[in-house]
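Have a look at the structure below before the remarks.
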There are 2 protein chains.
Amino acid sequence: MGPKALDYESLNENVKKVQYAVRGELYLRASELQKEGKKIIFTNVGNPHALGQKPLSFPRQVVALCQAPFLLDDPNVGMLFPVDAIARAKHYLTLTTGGLGAYSDSRGIPGIRKEVAEFIGRRDGYPSDPELIFLTDGASKGVMQILNCIIRGEGDGVLVPVPQYPLYSATISLFGGSLVPYYLEESANWGLDVNDLRQAVVQARSNGITVRAMVIINPGNPTGQCLSEANLREILRFCFHENLVLLGDEVYQQNIYQDERPFISARKVLMEMGPPLSNEVQLVSFHTVSKGYWGECGQRGGYFEMTNIPPKTVDEIYKIASISLSPNVPAQIFMGLMVNPPKPGDISYDQFVRESKGILESLRKRARIMTDGFNSCRNVVCNFTEGAMYSFPQIRLPPKAIEVAKKAGKVPDVFYCLKLLEATGISTVPGSGFGQKEGVFHLRTTILPAEEDMPAIMDSFKKFNDEFMEQYEDYRSYSRM
Amino acid sequence: MGPKALDYESLNENVKKVQYAVRGELYLRASELQKEGKKIIFTNVGNPHALGQKPLSFPRQVVALCQAPFLLDDPNVGMLFPVDAIARAKHYLTLTTGGLGAYSDSRGIPGIRKEVAEFIGRRDGYPSDPELIFLTDGASKGVMQILNCIIRGEGDGVLVPVPQYPLYSATISLFGGSLVPYYLEESANWGLDVNDLRQAVVQARSNGITVRAMVIINPGNPTGQCLSEANLREILRFCFHENLVLLGDEVYQQNIYQDERPFISARKVLMEMGPPLSNEVQLVSFHTVSKGYWGECGQRGGYFEMTNIPPKTVDEIYKIASISLSPNVPAQIFMGLMVNPPKPGDISYDQFVRESKGILESLRKRARIMTDGFNSCRNVVCNFTEGAMYSFPQIRLPPKAIEVAKKAGKVPDVFYCLKLLEATGISTVPGSGFGQKEGVFHLRTTILPAEEDMPAIMDSFKKFNDEFMEQYEDYRSYSRM
Ligand SMILES: Cc1ncc(COP(=O)(O)O)c(C=O)c1O
Ligand SMILES: Cc1ncc(COP(=O)(O)O)c(C=O)c1O
């Protein structure tokens, strides 16, 4: 009898082709070491609470009350919960039929989609339509749904920044499409040159690929840059001329560490450009409760907003969302709270501001400590993290290290990161997991370890790195003898 | 310029092909009527809390505490939460790193997968391996992940019971595979005849389709039957001989209303059959927190367990799960609580038993009221609901009704269900949404409306139905004149 359907050799080839580095070899080795009792610093995933960030109190109070609505009738509820959290929980429960235990509409709870639309309207200065906003189990699921609609086969290409967050490469492989890379320029602080985009499209076309969509990650992961308004205009004009859907991954819009580079949404820029662009360019923008100062990754809440997407397509996306019934309801409430946080005058306002500011200010400091730390190391250079949660230093590996790595059957940056892990417990992601130019090596760390641990971590990194460099530079001279 | 990638005409054809009736025309019309102020009884989705079922207190207390872990340090916590809920919340928080706000391992929290394995071991009498259990955002997502691995293209077929729950037809379309129907026998209480299976496979083969997997839904949706042990043995033997992966959708395993027909898991039967079957047949079993007496649909929690799936394939499934990072964490805790409920002697035990028994006993009564109600109607016959949450009466439409429906451009059962909706507010799903034999018509309702509302609903149904039948039988005689 032949292989069975779930034997490796007979699996869907697209599944096998998927590469996913963030939880790849490094992560598996780190998990092993942890099991053996070694202390591991997981900086491989942007997962703030796992590294000790405390949840914001107010949203957790509200969602706890929604989970236990019987507490709302308890005369003692005021001993554990502030009145504005109680009022907010009641508000969200009235927006549902059946509370957190009932499937919602597959697009998400209408009342919460309205709150999201109002938030977008305030942020951008242009009204947004709740009917064009779908809530999702995190931004990842939204991105997958949209790419599933766009990709018809190998001949369909999607422009993706390189280095890129592997959600995109993995999803494009899974759906059998073609990734069309465009390179971000490290020497220009990871900026994006529209001429490169044009070349990438021409190149793809000559390979028989129709480019259908373009992804931007703003602020960038792993690269941390914020796109300027001028750059966004160029990108939108490019999408207009090339007839591309723009997917705007804006999950880090609240993670901004340099005042001169604020976040500007692709949608706001598009609206400001006016017709024909503002009513022609198809744009889908993604957001999440996982990032910002919320960091509520485990809740799995997100949304996408569609601009210039025809109603018949919206219906199709709705239908596909229906297959898995509904996004999880507790995270929909987190989304409502994120777009509609406590206001001045509310009892919880001061605490909320204190907590959220504390997190953002500390992230800003950590971004600085980390970049400076990397730049103090031998053969390491690192752009400043303008936004998001990552540092992406370039590691200039000596030729001998590259050679030894290759002999060991390892990609050189994987080799370096494994050594770093074994020596220090710091679990990073090799740059090759995000794609990079030939012969250039990086690693990605998050800036999330606790602020007070940061100096020790950077010391330990520096010690490892400088010894590593010494060893392989020495070794080279040694082997020359 | 040509169409854009998100214009309807240029979408992925597989997306467009998907049909999804549970939230189709009937549901949309019902939502419209509701907006216009009409009272709608939504019996289209198995969504118990939406129809008034109260959540079980203990699990909600535990998850509320996990959402608000700062309460655990509050000296007043005991005024609102029982000690065993507090202890359980602490237990689950120790199983995570970073609580509910952190992404978990993409397979789910190891400690909870261990609790699931222990539950399966107790249920079946055969140990289960936590490494082969993945937690998911509801059973739907698990089914989609597995079918994504199995289906390589149009030439790959999956045997699906007809009538079937449309998750399967929709997912198979979405991934571009071929649905191979096998018919359940209404006159044999929706039993399954293995000879029909064989014929279905032969027929598919003659159309160039390789059948790779078979789905069973046990207890059945929409048909409500429980498969007997003998029937399960035949099915497993069939899968062995035909080299098929068996997908066992067992989400209704706690919804059993007839003592002579208990639920038996496919896995238990497989293990009892011994080698070679027990170490050859590839089986994936699905479960959820959405059903049973929990009905926690909005939380989106589920698991799948793999039997005889090779480690390399498990790794591939893990990789694919990693793309969307992790299932939502609160629902993982619900799953832990579901497989490990309060025990005799725990403070919350009596209340838990009272609540859960209350729900199950009432469901049993409602199943009876509904079946009897349908069977008292003109031209309606209905098998008793042995399990799950649905009634699936056959509606014998008079030829004239069929003719009028066709003239109106409607499938006859859609026509009937729309009329029912307009007349009574009862929102059902036409049988054609689940597939059925040519010329036979059904509708599906859940048995979930509140017990006290049930008699009035059935009266209103009977009144509508009997008038409908009278009208079209009369009309026929009239039009003959
Ligand atoms: C650029 C980018 N997009 C999307 C996501 C996914 O976030 P979510 O947790 O909302 O799925 C991440 C997570 O790290 C990310 O870095
Ligand atoms: C047979 C069957 N399988 C799976 C599901 C999906 O359940 P979940 O909420 O776990 O995704 C349902 C939901 O109604 C169902 O009826």
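Naming scheme: A, B, ... for chains in displayed order of the structure tokens; residues 1 onward per chain; ligands 1 onward as shown.
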
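Around Ala87 of chain A, within 12 Å and counting only C-alpha atoms, the residues found are Phe58, Gln61, Val62, Val63, Leu65, Cys66, Pro69, Leu72, Val77, Gly78, Phe81, Pro82, Val83, Asp84, Ala85, Ala89, Lys90, His91, Tyr92, Leu93, Thr94, Pro342, Asp346, Ile347 and Ser348 of chain A, once anything fewer than 2 positions away on its own chain is removed.
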
Neighbourhood of ligand 2 at 7 Å, counting only C-alpha atoms and all ligand atoms, reported as an mmCIF file with N, CA, C and O atoms, in the first residue's frame:
data_model
loop_
_atom_site.group_PDB
_atom_site.id
_atom_site.type_symbol
_atom_site.label_atom_id
_atom_site.label_comp_id
_atom_site.auth_asym_id
_atom_site.auth_seq_id
_atom_site.Cartn_x
_atom_site.Cartn_y
_atom_site.Cartn_z
ATOM 1 N N SER A 324 -15.046 29.666 10.092
ATOM 2 C CA SER A 324 -14.614 29.376 11.467
ATOM 3 C C SER A 324 -15.466 30.143 12.484
ATOM 4 O O SER A 324 -15.052 30.347 13.617
ATOM 5 N N LEU A 325 -16.643 30.548 12.051
ATOM 6 C CA LEU A 325 -17.723 31.030 12.904
ATOM 7 C C LEU A 325 -17.539 32.425 13.466
ATOM 8 O O LEU A 325 -18.252 33.329 13.113
ATOM 9 N N VAL B 45 -27.650 28.481 14.376
ATOM 10 C CA VAL B 45 -26.303 28.101 14.791
ATOM 11 C C VAL B 45 -26.390 27.480 16.186
ATOM 12 O O VAL B 45 -27.188 27.926 17.005
ATOM 13 N N GLY B 46 -25.569 26.471 16.426
ATOM 14 C CA GLY B 46 -25.522 25.853 17.746
ATOM 15 C C GLY B 46 -24.790 26.766 18.709
ATOM 16 O O GLY B 46 -23.626 26.563 18.999
ATOM 17 N N GLY B 138 -10.871 26.788 18.717
ATOM 18 C CA GLY B 138 -12.095 26.090 18.309
ATOM 19 C C GLY B 138 -11.766 24.922 17.403
ATOM 20 O O GLY B 138 -10.701 24.866 16.777
ATOM 21 N N ALA B 139 -12.699 23.973 17.335
ATOM 22 C CA ALA B 139 -12.491 22.791 16.501
ATOM 23 C C ALA B 139 -12.384 23.164 15.026
ATOM 24 O O ALA B 139 -11.630 22.557 14.265
ATOM 25 N N SER B 140 -13.114 24.186 14.606
ATOM 26 C CA SER B 140 -13.107 24.585 13.186
ATOM 27 C C SER B 140 -11.683 24.829 12.701
ATOM 28 O O SER B 140 -11.296 24.364 11.626
ATOM 29 N N LYS B 141 -10.920 25.571 13.480
ATOM 30 C CA LYS B 141 -9.565 25.904 13.063
ATOM 31 C C LYS B 141 -8.708 24.644 12.974
ATOM 32 O O LYS B 141 -7.850 24.526 12.100
ATOM 33 N N TYR B 165 -22.182 18.936 8.153
ATOM 34 C CA TYR B 165 -21.945 20.278 8.675
ATOM 35 C C TYR B 165 -21.067 21.028 7.669
ATOM 36 O O TYR B 165 -20.008 20.528 7.284
ATOM 37 N N ILE B 217 -18.887 12.604 11.754
ATOM 38 C CA ILE B 217 -19.346 13.548 12.771
ATOM 39 C C ILE B 217 -20.184 12.722 13.742
ATOM 40 O O ILE B 217 -21.225 12.190 13.372
ATOM 41 N N GLY B 220 -23.910 13.211 15.335
ATOM 42 C CA GLY B 220 -24.012 13.886 14.043
ATOM 43 C C GLY B 220 -24.612 15.278 14.081
ATOM 44 O O GLY B 220 -25.522 15.557 14.836
ATOM 45 N N ASN B 221 -24.086 16.135 13.242
ATOM 46 C CA ASN B 221 -24.677 17.433 12.956
ATOM 47 C C ASN B 221 -24.857 17.474 11.453
ATOM 48 O O ASN B 221 -23.882 17.284 10.727
ATOM 49 N N ASP B 249 -14.857 14.003 14.087
ATOM 50 C CA ASP B 249 -15.398 15.237 14.669
ATOM 51 C C ASP B 249 -16.302 14.809 15.821
ATOM 52 O O ASP B 249 -17.427 14.359 15.617
ATOM 53 N N VAL B 251 -17.181 16.731 18.546
ATOM 54 C CA VAL B 251 -17.433 17.915 19.370
ATOM 55 C C VAL B 251 -18.686 17.771 20.233
ATOM 56 O O VAL B 251 -18.827 18.467 21.241
ATOM 57 N N HIS B 287 -12.185 18.138 19.316
ATOM 58 C CA HIS B 287 -13.100 18.450 20.411
ATOM 59 C C HIS B 287 -13.088 19.967 20.635
ATOM 60 O O HIS B 287 -12.256 20.684 20.073
ATOM 61 N N THR B 288 -14.008 20.437 21.453
ATOM 62 C CA THR B 288 -14.232 21.886 21.579
ATOM 63 C C THR B 288 -14.803 22.232 22.946
ATOM 64 O O THR B 288 -15.399 21.381 23.604
ATOM 65 N N VAL B 289 -14.665 23.513 23.338
ATOM 66 C CA VAL B 289 -15.396 24.008 24.517
ATOM 67 C C VAL B 289 -16.742 24.625 24.116
ATOM 68 O O VAL B 289 -17.492 25.088 24.973
ATOM 69 N N SER B 290 -17.043 24.624 22.814
ATOM 70 C CA SER B 290 -18.261 25.297 22.336
ATOM 71 C C SER B 290 -19.535 24.504 22.594
ATOM 72 O O SER B 290 -20.630 25.066 22.511
ATOM 73 N N CYS B 297 -18.967 28.975 23.068
ATOM 74 C CA CYS B 297 -18.643 29.186 21.662
ATOM 75 C C CYS B 297 -17.760 30.410 21.434
ATOM 76 O O CYS B 297 -16.838 30.387 20.622
ATOM 77 N N ARG B 300 -13.751 30.347 21.740
ATOM 78 C CA ARG B 300 -12.956 29.737 20.672
ATOM 79 C C ARG B 300 -11.839 28.869 21.234
ATOM 80 O O ARG B 300 -10.646 29.180 21.117
ATOM 81 N N GLY B 301 -12.222 27.756 21.811
ATOM 82 C CA GLY B 301 -11.236 26.807 22.322
ATOM 83 C C GLY B 301 -11.504 25.400 21.809
ATOM 84 O O GLY B 301 -12.656 24.967 21.747
ATOM 85 N N GLY B 302 -10.461 24.692 21.432
ATOM 86 C CA GLY B 302 -10.624 23.327 20.967
ATOM 87 C C GLY B 302 -9.296 22.596 21.038
ATOM 88 O O GLY B 302 -8.279 23.166 21.448
#

Step one, run DSSP on the backbone; step two, keep only residues of segment 94-314 of chain B assigned to alpha helix (DSSP H); then write them as a VMD selection string.
-> chain B and resid 94 to 95 110 to 124 139 to 150 167 to 174 194 to 206 229 to 242 266 to 273 311 to 314

Could you name the residues that touch Thr43 of chain A at 9 Å or less, counting only C-alpha atoms, but leaving out those on the same chain fewer than 6 positions away, as a VMD selection string?
-> chain A and resid 51 390 426 to 429 444 to 449

Same residues, N, CA and C atoms, output as a compact mmCIF listing (two decimals), in the first residue's frame:
# COMPACT_ATOMS: atom_id res chain seq x y z
N LEU A 51 8.04 38.33 29.06
CA LEU A 51 9.28 38.85 29.64
C LEU A 51 8.99 39.79 30.80
N TYR A 390 12.05 45.78 18.13
CA TYR A 390 13.17 44.94 17.77
C TYR A 390 14.43 45.73 17.51
N ILE A 426 20.77 33.77 25.62
CA ILE A 426 19.98 34.74 24.85
C ILE A 426 19.48 34.08 23.57
N SER A 427 18.16 34.00 23.43
CA SER A 427 17.55 33.31 22.29
C SER A 427 17.07 34.35 21.28
N THR A 428 17.79 34.46 20.16
CA THR A 428 17.48 35.46 19.14
C THR A 428 17.00 34.74 17.87
N VAL A 429 16.73 35.50 16.83
CA VAL A 429 16.40 34.89 15.55
C VAL A 429 17.47 35.30 14.54
N ARG A 444 18.06 39.21 15.04
CA ARG A 444 17.01 40.04 15.60
C ARG A 444 16.80 39.71 17.05
N THR A 445 16.76 40.74 17.89
CA THR A 445 16.31 40.54 19.26
C THR A 445 15.15 41.49 19.47
N THR A 446 14.29 41.16 20.42
CA THR A 446 13.31 42.14 20.85
C THR A 446 13.98 43.07 21.85
N ILE A 447 13.37 44.23 22.07
CA ILE A 447 13.89 45.14 23.10
C ILE A 447 13.10 44.92 24.40
N LEU A 448 12.57 43.72 24.59
CA LEU A 448 11.58 43.51 25.65
C LEU A 448 12.10 43.04 27.01
N PRO A 449 13.34 42.55 27.13
CA PRO A 449 13.75 42.15 28.48
C PRO A 449 13.59 43.33 29.44

Length of the atom CA of Ala30 of chain B to atom CA of Pro222 of chain B vector [Å] |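 It comes out at 20.1 Å.
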
For segment 318-321 of chain A, list every protein, DNA or RNA residue within 12 Å, evaluated using only C-alpha atoms, and leave out those in the same chain fewer than 4 positions away; present the list as a PyMOL selection string.
-> (chain A and resi 104-108+131-137+141-142+144-146+148-149+311-314+325-327) or (chain B and resi 12+14-25+27-28+140-141+144+166-167+170-171+173-175)

Apply DSSP to the backbone of this structure and, from segment 31-271 of chain B, keep only the residues in strand (DSSP E or B); write these as a ChimeraX atom specification.
-> /B:41-42,133-136,156-162,178-183,185,191,210-217,245-249,256
